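Printed here is start.cif (mmCIF, N, CA and C atoms):
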data_run
loop_
_atom_site.label_atom_id
_atom_site.label_comp_id
_atom_site.auth_asym_id
_atom_site.auth_seq_id
_atom_site.Cartn_x
_atom_site.Cartn_y
_atom_site.Cartn_z
N MET A 1 -18.84 324.61 -3.60
CA MET A 1 -19.16 325.75 -2.78
C MET A 1 -20.16 325.40 -1.69
N ASP A 2 -20.92 324.33 -1.86
CA ASP A 2 -21.91 323.95 -0.88
C ASP A 2 -21.28 323.65 0.48
N ASP A 3 -20.04 323.17 0.47
CA ASP A 3 -19.37 322.83 1.72
C ASP A 3 -19.07 324.06 2.57
N TYR A 4 -18.96 325.21 1.96
CA TYR A 4 -18.60 326.41 2.69
C TYR A 4 -19.80 327.25 3.11
N ARG A 5 -21.01 326.84 2.83
CA ARG A 5 -22.21 327.62 3.17
C ARG A 5 -22.44 327.69 4.66
N HIS A 6 -21.99 326.70 5.42
CA HIS A 6 -22.25 326.73 6.85
C HIS A 6 -21.32 327.72 7.58
N PHE A 7 -20.29 328.25 6.89
CA PHE A 7 -19.44 329.30 7.47
C PHE A 7 -20.09 330.64 7.21
N ASP A 8 -20.14 331.49 8.23
CA ASP A 8 -20.60 332.84 7.95
C ASP A 8 -19.41 333.66 7.48
N SER A 9 -19.64 334.83 6.98
CA SER A 9 -18.58 335.64 6.38
C SER A 9 -17.51 336.02 7.40
N ASP A 10 -17.87 336.23 8.67
CA ASP A 10 -16.89 336.58 9.70
C ASP A 10 -15.93 335.42 9.96
N THR A 11 -16.46 334.23 10.03
CA THR A 11 -15.62 333.06 10.27
C THR A 11 -14.66 332.85 9.12
N LEU A 12 -15.15 333.00 7.91
CA LEU A 12 -14.30 332.84 6.74
C LEU A 12 -13.22 333.93 6.70
N SER A 13 -13.56 335.13 7.04
CA SER A 13 -12.59 336.23 7.08
C SER A 13 -11.51 335.96 8.12
N ILE A 14 -11.90 335.46 9.27
CA ILE A 14 -10.94 335.13 10.32
C ILE A 14 -9.99 334.04 9.86
N LEU A 15 -10.52 333.02 9.19
CA LEU A 15 -9.68 331.94 8.67
C LEU A 15 -8.67 332.46 7.64
N ILE A 16 -9.12 333.30 6.74
CA ILE A 16 -8.24 333.85 5.71
C ILE A 16 -7.17 334.73 6.34
N LEU A 17 -7.54 335.60 7.28
CA LEU A 17 -6.57 336.47 7.95
C LEU A 17 -5.58 335.67 8.79
N SER A 18 -6.06 334.64 9.43
CA SER A 18 -5.17 333.79 10.23
C SER A 18 -4.11 333.14 9.35
N TYR A 19 -4.54 332.64 8.23
CA TYR A 19 -3.59 332.01 7.31
C TYR A 19 -2.62 333.06 6.77
N ALA A 20 -3.13 334.26 6.46
CA ALA A 20 -2.29 335.32 5.91
C ALA A 20 -1.20 335.73 6.90
N PHE A 21 -1.48 335.69 8.19
CA PHE A 21 -0.47 336.04 9.20
C PHE A 21 0.39 334.84 9.59
N ALA A 22 -0.21 333.69 9.68
CA ALA A 22 0.51 332.50 10.15
C ALA A 22 1.54 332.02 9.14
N PHE A 23 1.22 332.10 7.86
CA PHE A 23 2.14 331.58 6.85
C PHE A 23 3.48 332.31 6.85
N PRO A 24 3.53 333.65 6.79
CA PRO A 24 4.82 334.34 6.82
C PRO A 24 5.58 334.13 8.15
N ILE A 25 4.85 334.08 9.24
CA ILE A 25 5.49 333.83 10.54
C ILE A 25 6.10 332.43 10.55
N GLY A 26 5.39 331.47 10.00
CA GLY A 26 5.92 330.11 9.89
C GLY A 26 7.18 330.06 9.06
N LEU A 27 7.23 330.81 7.98
CA LEU A 27 8.43 330.84 7.14
C LEU A 27 9.61 331.45 7.89
N MET A 28 9.34 332.51 8.66
CA MET A 28 10.42 333.13 9.44
C MET A 28 10.96 332.17 10.50
N VAL A 29 10.08 331.50 11.20
CA VAL A 29 10.49 330.54 12.22
C VAL A 29 11.28 329.40 11.59
N GLU A 30 10.80 328.92 10.46
CA GLU A 30 11.50 327.83 9.77
C GLU A 30 12.90 328.28 9.36
N GLY A 31 13.05 329.52 8.92
CA GLY A 31 14.36 330.04 8.55
C GLY A 31 15.30 330.11 9.74
N LYS A 32 14.79 330.51 10.90
CA LYS A 32 15.61 330.57 12.11
C LYS A 32 16.03 329.17 12.55
N ILE A 33 15.14 328.22 12.44
CA ILE A 33 15.47 326.83 12.79
C ILE A 33 16.56 326.31 11.86
N ALA A 34 16.46 326.63 10.57
CA ALA A 34 17.47 326.19 9.61
C ALA A 34 18.83 326.78 9.96
N LYS A 35 18.87 328.05 10.36
CA LYS A 35 20.13 328.68 10.75
C LYS A 35 20.71 328.00 11.99
N ILE A 36 19.89 327.68 12.94
CA ILE A 36 20.35 326.99 14.15
C ILE A 36 20.92 325.63 13.79
N LEU A 37 20.27 324.91 12.90
CA LEU A 37 20.76 323.59 12.50
C LEU A 37 22.10 323.70 11.77
N LYS A 38 22.32 324.77 11.00
CA LYS A 38 23.61 324.97 10.33
C LYS A 38 24.71 325.18 11.35
N ILE A 39 24.41 325.84 12.45
CA ILE A 39 25.40 326.08 13.50
C ILE A 39 25.78 324.76 14.15
N ILE A 40 24.82 323.87 14.33
CA ILE A 40 25.07 322.60 14.99
C ILE A 40 25.91 321.68 14.11
N ARG A 41 25.69 321.68 12.81
CA ARG A 41 26.44 320.81 11.90
C ARG A 41 27.89 321.25 11.82
N PHE A 42 28.77 320.30 11.46
CA PHE A 42 30.17 320.64 11.26
C PHE A 42 30.30 321.54 10.04
N PRO A 43 31.03 322.63 10.18
CA PRO A 43 31.34 323.41 8.98
C PRO A 43 32.20 322.57 8.04
N LYS A 44 32.27 322.95 6.79
CA LYS A 44 33.02 322.20 5.79
C LYS A 44 34.49 322.05 6.22
N GLU A 45 35.04 323.11 6.80
CA GLU A 45 36.45 323.07 7.21
C GLU A 45 36.68 322.00 8.28
N ASP A 46 35.75 321.87 9.21
CA ASP A 46 35.91 320.85 10.25
C ASP A 46 35.91 319.45 9.67
N SER A 47 35.05 319.19 8.70
CA SER A 47 35.03 317.86 8.11
C SER A 47 36.30 317.62 7.30
N ALA A 48 36.87 318.67 6.71
CA ALA A 48 38.13 318.52 5.99
C ALA A 48 39.27 318.21 6.96
N ILE A 49 39.27 318.85 8.12
CA ILE A 49 40.29 318.57 9.14
C ILE A 49 40.18 317.12 9.59
N LEU A 50 38.96 316.65 9.81
CA LEU A 50 38.76 315.26 10.21
C LEU A 50 39.28 314.29 9.14
N LYS A 51 39.08 314.64 7.88
CA LYS A 51 39.58 313.80 6.78
C LYS A 51 41.11 313.78 6.79
N VAL A 52 41.74 314.94 6.99
CA VAL A 52 43.21 315.01 7.06
C VAL A 52 43.72 314.14 8.19
N LEU A 53 43.10 314.24 9.36
CA LEU A 53 43.53 313.44 10.50
C LEU A 53 43.32 311.95 10.26
N ASP A 54 42.26 311.60 9.57
CA ASP A 54 42.00 310.20 9.25
C ASP A 54 43.09 309.65 8.32
N ILE A 55 43.49 310.44 7.34
CA ILE A 55 44.57 310.02 6.44
C ILE A 55 45.88 309.91 7.20
N ALA A 56 46.13 310.86 8.11
CA ALA A 56 47.35 310.79 8.93
C ALA A 56 47.35 309.53 9.79
N ARG A 57 46.22 309.19 10.35
CA ARG A 57 46.12 307.97 11.17
C ARG A 57 46.42 306.73 10.33
N GLU A 58 45.90 306.70 9.12
CA GLU A 58 46.15 305.55 8.23
C GLU A 58 47.63 305.42 7.89
N ASN A 59 48.37 306.53 7.92
CA ASN A 59 49.79 306.54 7.56
C ASN A 59 50.69 306.63 8.80
N ASP A 60 50.21 306.11 9.91
CA ASP A 60 50.97 306.12 11.18
C ASP A 60 51.42 307.52 11.60
N GLY A 61 50.64 308.52 11.23
CA GLY A 61 50.91 309.88 11.65
C GLY A 61 51.70 310.72 10.66
N TYR A 62 52.19 310.13 9.59
CA TYR A 62 53.02 310.84 8.63
C TYR A 62 52.23 311.13 7.35
N VAL A 63 52.23 312.40 6.92
CA VAL A 63 51.57 312.76 5.67
C VAL A 63 52.29 313.93 5.00
N THR A 64 52.08 314.02 3.71
CA THR A 64 52.51 315.19 2.95
C THR A 64 51.26 315.85 2.38
N VAL A 65 51.44 317.03 1.83
CA VAL A 65 50.32 317.72 1.19
C VAL A 65 49.77 316.88 0.05
N VAL A 66 50.66 316.27 -0.70
CA VAL A 66 50.23 315.44 -1.84
C VAL A 66 49.43 314.23 -1.36
N ASP A 67 49.85 313.61 -0.24
CA ASP A 67 49.07 312.49 0.32
C ASP A 67 47.63 312.91 0.57
N ILE A 68 47.48 314.06 1.20
CA ILE A 68 46.13 314.54 1.55
C ILE A 68 45.33 314.84 0.30
N ALA A 69 45.94 315.53 -0.66
CA ALA A 69 45.21 315.91 -1.88
C ALA A 69 44.80 314.69 -2.71
N THR A 70 45.66 313.66 -2.73
CA THR A 70 45.32 312.50 -3.55
C THR A 70 44.34 311.55 -2.88
N LYS A 71 44.27 311.60 -1.55
CA LYS A 71 43.38 310.69 -0.82
C LYS A 71 42.11 311.36 -0.34
N SER A 72 41.87 312.58 -0.82
CA SER A 72 40.67 313.32 -0.42
C SER A 72 40.20 314.16 -1.59
N THR A 73 39.16 314.92 -1.36
CA THR A 73 38.67 315.84 -2.39
C THR A 73 39.26 317.23 -2.23
N LEU A 74 40.22 317.38 -1.33
CA LEU A 74 40.84 318.67 -1.09
C LEU A 74 41.85 319.00 -2.19
N SER A 75 41.96 320.27 -2.53
CA SER A 75 42.99 320.70 -3.47
C SER A 75 44.32 320.75 -2.72
N LEU A 76 45.41 320.90 -3.46
CA LEU A 76 46.72 321.03 -2.83
C LEU A 76 46.76 322.24 -1.90
N GLU A 77 46.14 323.34 -2.34
CA GLU A 77 46.14 324.56 -1.53
C GLU A 77 45.35 324.37 -0.23
N GLU A 78 44.19 323.71 -0.33
CA GLU A 78 43.38 323.46 0.86
C GLU A 78 44.11 322.53 1.83
N ALA A 79 44.73 321.49 1.29
CA ALA A 79 45.48 320.55 2.13
C ALA A 79 46.64 321.26 2.82
N GLN A 80 47.35 322.10 2.07
CA GLN A 80 48.48 322.85 2.62
C GLN A 80 48.03 323.76 3.77
N LYS A 81 46.92 324.46 3.55
CA LYS A 81 46.42 325.38 4.58
C LYS A 81 46.05 324.63 5.86
N ILE A 82 45.34 323.53 5.71
CA ILE A 82 44.91 322.76 6.89
C ILE A 82 46.12 322.21 7.64
N LEU A 83 47.07 321.63 6.90
CA LEU A 83 48.27 321.08 7.55
C LEU A 83 49.07 322.18 8.24
N ASP A 84 49.22 323.32 7.57
CA ASP A 84 49.94 324.44 8.19
C ASP A 84 49.24 324.93 9.45
N ASP A 85 47.92 325.03 9.41
CA ASP A 85 47.16 325.46 10.59
C ASP A 85 47.32 324.47 11.74
N LEU A 86 47.25 323.19 11.44
CA LEU A 86 47.42 322.18 12.49
C LEU A 86 48.83 322.21 13.07
N GLN A 87 49.82 322.46 12.23
CA GLN A 87 51.20 322.55 12.71
C GLN A 87 51.38 323.80 13.58
N LYS A 88 50.82 324.92 13.16
CA LYS A 88 50.94 326.17 13.94
C LYS A 88 50.27 326.04 15.30
N LYS A 89 49.20 325.25 15.38
CA LYS A 89 48.50 325.04 16.65
C LYS A 89 49.17 323.98 17.51
N GLY A 90 50.26 323.39 17.01
CA GLY A 90 51.02 322.44 17.79
C GLY A 90 50.55 321.00 17.70
N HIS A 91 49.71 320.70 16.73
CA HIS A 91 49.19 319.34 16.57
C HIS A 91 50.07 318.47 15.68
N ALA A 92 50.98 319.08 14.93
CA ALA A 92 51.84 318.33 14.02
C ALA A 92 53.24 318.92 14.05
N ASP A 93 54.21 318.06 13.78
CA ASP A 93 55.61 318.48 13.66
C ASP A 93 55.99 318.44 12.19
N LEU A 94 57.01 319.22 11.83
CA LEU A 94 57.46 319.27 10.45
C LEU A 94 58.85 318.66 10.33
N SER A 95 59.10 318.02 9.21
CA SER A 95 60.45 317.61 8.85
C SER A 95 60.54 317.66 7.34
N VAL A 96 61.77 317.65 6.83
CA VAL A 96 61.98 317.69 5.40
C VAL A 96 62.62 316.37 4.98
N THR A 97 62.05 315.73 3.96
CA THR A 97 62.58 314.47 3.47
C THR A 97 63.84 314.72 2.64
N LYS A 98 64.56 313.68 2.30
CA LYS A 98 65.76 313.79 1.47
C LYS A 98 65.45 314.39 0.11
N SER A 99 64.24 314.13 -0.38
CA SER A 99 63.84 314.67 -1.68
C SER A 99 63.34 316.12 -1.58
N GLY A 100 63.26 316.65 -0.35
CA GLY A 100 62.85 318.03 -0.16
C GLY A 100 61.37 318.24 0.13
N ASP A 101 60.62 317.15 0.24
CA ASP A 101 59.20 317.27 0.57
C ASP A 101 59.04 317.58 2.05
N ILE A 102 58.03 318.38 2.35
CA ILE A 102 57.72 318.66 3.75
C ILE A 102 56.82 317.55 4.27
N LEU A 103 57.25 316.94 5.35
CA LEU A 103 56.52 315.83 5.96
C LEU A 103 55.91 316.32 7.26
N TYR A 104 54.62 316.14 7.39
CA TYR A 104 53.91 316.49 8.62
C TYR A 104 53.76 315.23 9.45
N TYR A 105 54.07 315.36 10.72
CA TYR A 105 54.00 314.20 11.61
C TYR A 105 53.07 314.51 12.77
N PHE A 106 52.10 313.63 12.98
CA PHE A 106 51.15 313.74 14.08
C PHE A 106 51.49 312.68 15.11
N PRO A 107 52.17 313.06 16.21
CA PRO A 107 52.64 312.07 17.17
C PRO A 107 51.53 311.31 17.89
N GLY A 108 50.33 311.81 17.87
CA GLY A 108 49.22 311.14 18.53
C GLY A 108 48.81 309.84 17.86
N PHE A 109 49.35 309.56 16.68
CA PHE A 109 48.97 308.36 15.96
C PHE A 109 50.02 307.26 16.03
N LEU A 110 50.86 307.28 17.05
CA LEU A 110 51.82 306.20 17.24
C LEU A 110 51.08 304.91 17.53
N LYS A 111 51.56 303.82 16.96
CA LYS A 111 50.98 302.52 17.25
C LYS A 111 51.50 302.03 18.60
N GLN A 112 50.82 301.10 19.20
CA GLN A 112 51.15 300.61 20.54
C GLN A 112 52.59 300.11 20.62
N ASP A 113 53.06 299.37 19.60
CA ASP A 113 54.44 298.86 19.64
C ASP A 113 55.46 299.99 19.54
N GLN A 114 55.10 301.07 18.84
CA GLN A 114 55.99 302.23 18.75
C GLN A 114 56.05 302.94 20.10
N ILE A 115 54.93 302.99 20.81
CA ILE A 115 54.89 303.63 22.13
C ILE A 115 55.76 302.84 23.10
N GLU A 116 55.67 301.51 23.07
CA GLU A 116 56.46 300.66 23.95
C GLU A 116 57.95 300.80 23.66
N ASP A 117 58.33 300.95 22.37
CA ASP A 117 59.74 301.12 22.00
C ASP A 117 60.29 302.44 22.54
N ARG A 118 59.47 303.46 22.62
CA ARG A 118 59.90 304.76 23.13
C ARG A 118 60.01 304.78 24.63
N GLY A 119 59.26 303.93 25.31
CA GLY A 119 59.18 303.96 26.78
C GLY A 119 60.17 303.14 27.44
#
Would you encode the structure as structure tokens?
Amino acid sequence: MDDYRHFDSDTLSILILSYAFAFPIGLMVEGKIAKILKIIRFPKEDSAILKVLDIARENDGYVTVVDIATKSTLSLEEAQKILDDLQKKGHADLSVTKSGDILYYFPGFLKQDQIEDRG
């Protein structure tokens, strides 16, 4: 207590009141900053789309729902939804294999020799 004797009661009161107001304001500001940082980060869905596209690239643009589910942490339903959304937006084409599987094709992943063969 000897260390605090040089403070008069008004100074100590001001310090306590300042802390009492500053602490909650600091928490509110910190919460707003955290919300802003969440907006900047990729949502979970965006990272899942990137994973789907990465798997498609590894397979020369061809994937099935099962390919995506087995090579990622996505469920079959999540993989199906993402592939369907990408197809509806015009990023993938659909075809049906002889066994009846739906094959999604991403033409943007053609290899250079495939591009030359088409041209």
Item to check | Evaluate the PyMOL selection byres (((chain A and resi 101 and name CA) around 12) and name CA) and report residues as a PyMOL selection string | outcome: chain A and resi 63-67+94-100+102-104
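Coordinates place atom C of Phe109 in chain A at a distance of 7.3 Å from atom C of Asn59 in chain A.
Atom pair CA of Ser47 in chain A / CA of Ile68 in chain A has a distance of 13.3 Å (rounded to one decimal).
Rounded to one decimal, atom C of Asp85 in chain A and atom N of Ala48 in chain A lie 13.0 Å from each other.
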Item to check | Result set, the PyMOL selection byres (((chain A and resi 106 and name CA) around 12) and name CA) on current file, as number ranges by chain | outcome: A: 52-64, 83, 86-87, 89-95, 103-105, 107-111
Filled-in N, CA, C and O atoms of range 87-98 of chain A, supplied as a compact mmCIF listing (two decimals), keeping the file's coordinate frame:
# COMPACT_ATOMS: atom_id res chain seq x y z
N GLN A 87 49.82 322.46 12.23
CA GLN A 87 51.20 322.55 12.71
C GLN A 87 51.38 323.80 13.58
O GLN A 87 51.98 323.73 14.65
N LYS A 88 50.82 324.92 13.16
CA LYS A 88 50.94 326.17 13.94
C LYS A 88 50.27 326.04 15.30
O LYS A 88 50.70 326.66 16.27
N LYS A 89 49.20 325.25 15.38
CA LYS A 89 48.50 325.04 16.65
C LYS A 89 49.17 323.98 17.51
O LYS A 89 48.71 323.67 18.60
N GLY A 90 50.26 323.39 17.01
CA GLY A 90 51.02 322.44 17.79
C GLY A 90 50.55 321.00 17.70
O GLY A 90 50.97 320.16 18.48
N HIS A 91 49.71 320.70 16.73
CA HIS A 91 49.19 319.34 16.57
C HIS A 91 50.07 318.47 15.68
O HIS A 91 49.90 317.25 15.65
N ALA A 92 50.98 319.08 14.93
CA ALA A 92 51.84 318.33 14.02
C ALA A 92 53.24 318.92 14.05
O ALA A 92 53.43 320.10 14.32
N ASP A 93 54.21 318.06 13.78
CA ASP A 93 55.61 318.48 13.66
C ASP A 93 55.99 318.44 12.19
O ASP A 93 55.40 317.70 11.40
N LEU A 94 57.01 319.22 11.83
CA LEU A 94 57.46 319.27 10.45
C LEU A 94 58.85 318.66 10.33
O LEU A 94 59.68 318.80 11.23
N SER A 95 59.10 318.02 9.21
CA SER A 95 60.45 317.61 8.85
C SER A 95 60.54 317.66 7.34
O SER A 95 59.53 317.71 6.64
N VAL A 96 61.77 317.65 6.83
CA VAL A 96 61.98 317.69 5.40
C VAL A 96 62.62 316.37 4.98
O VAL A 96 63.61 315.93 5.57
N THR A 97 62.05 315.73 3.96
CA THR A 97 62.58 314.47 3.47
C THR A 97 63.84 314.72 2.64
O THR A 97 64.15 315.87 2.28
N LYS A 98 64.56 313.68 2.30
CA LYS A 98 65.76 313.79 1.47
C LYS A 98 65.45 314.39 0.11
O LYS A 98 66.27 315.07 -0.49
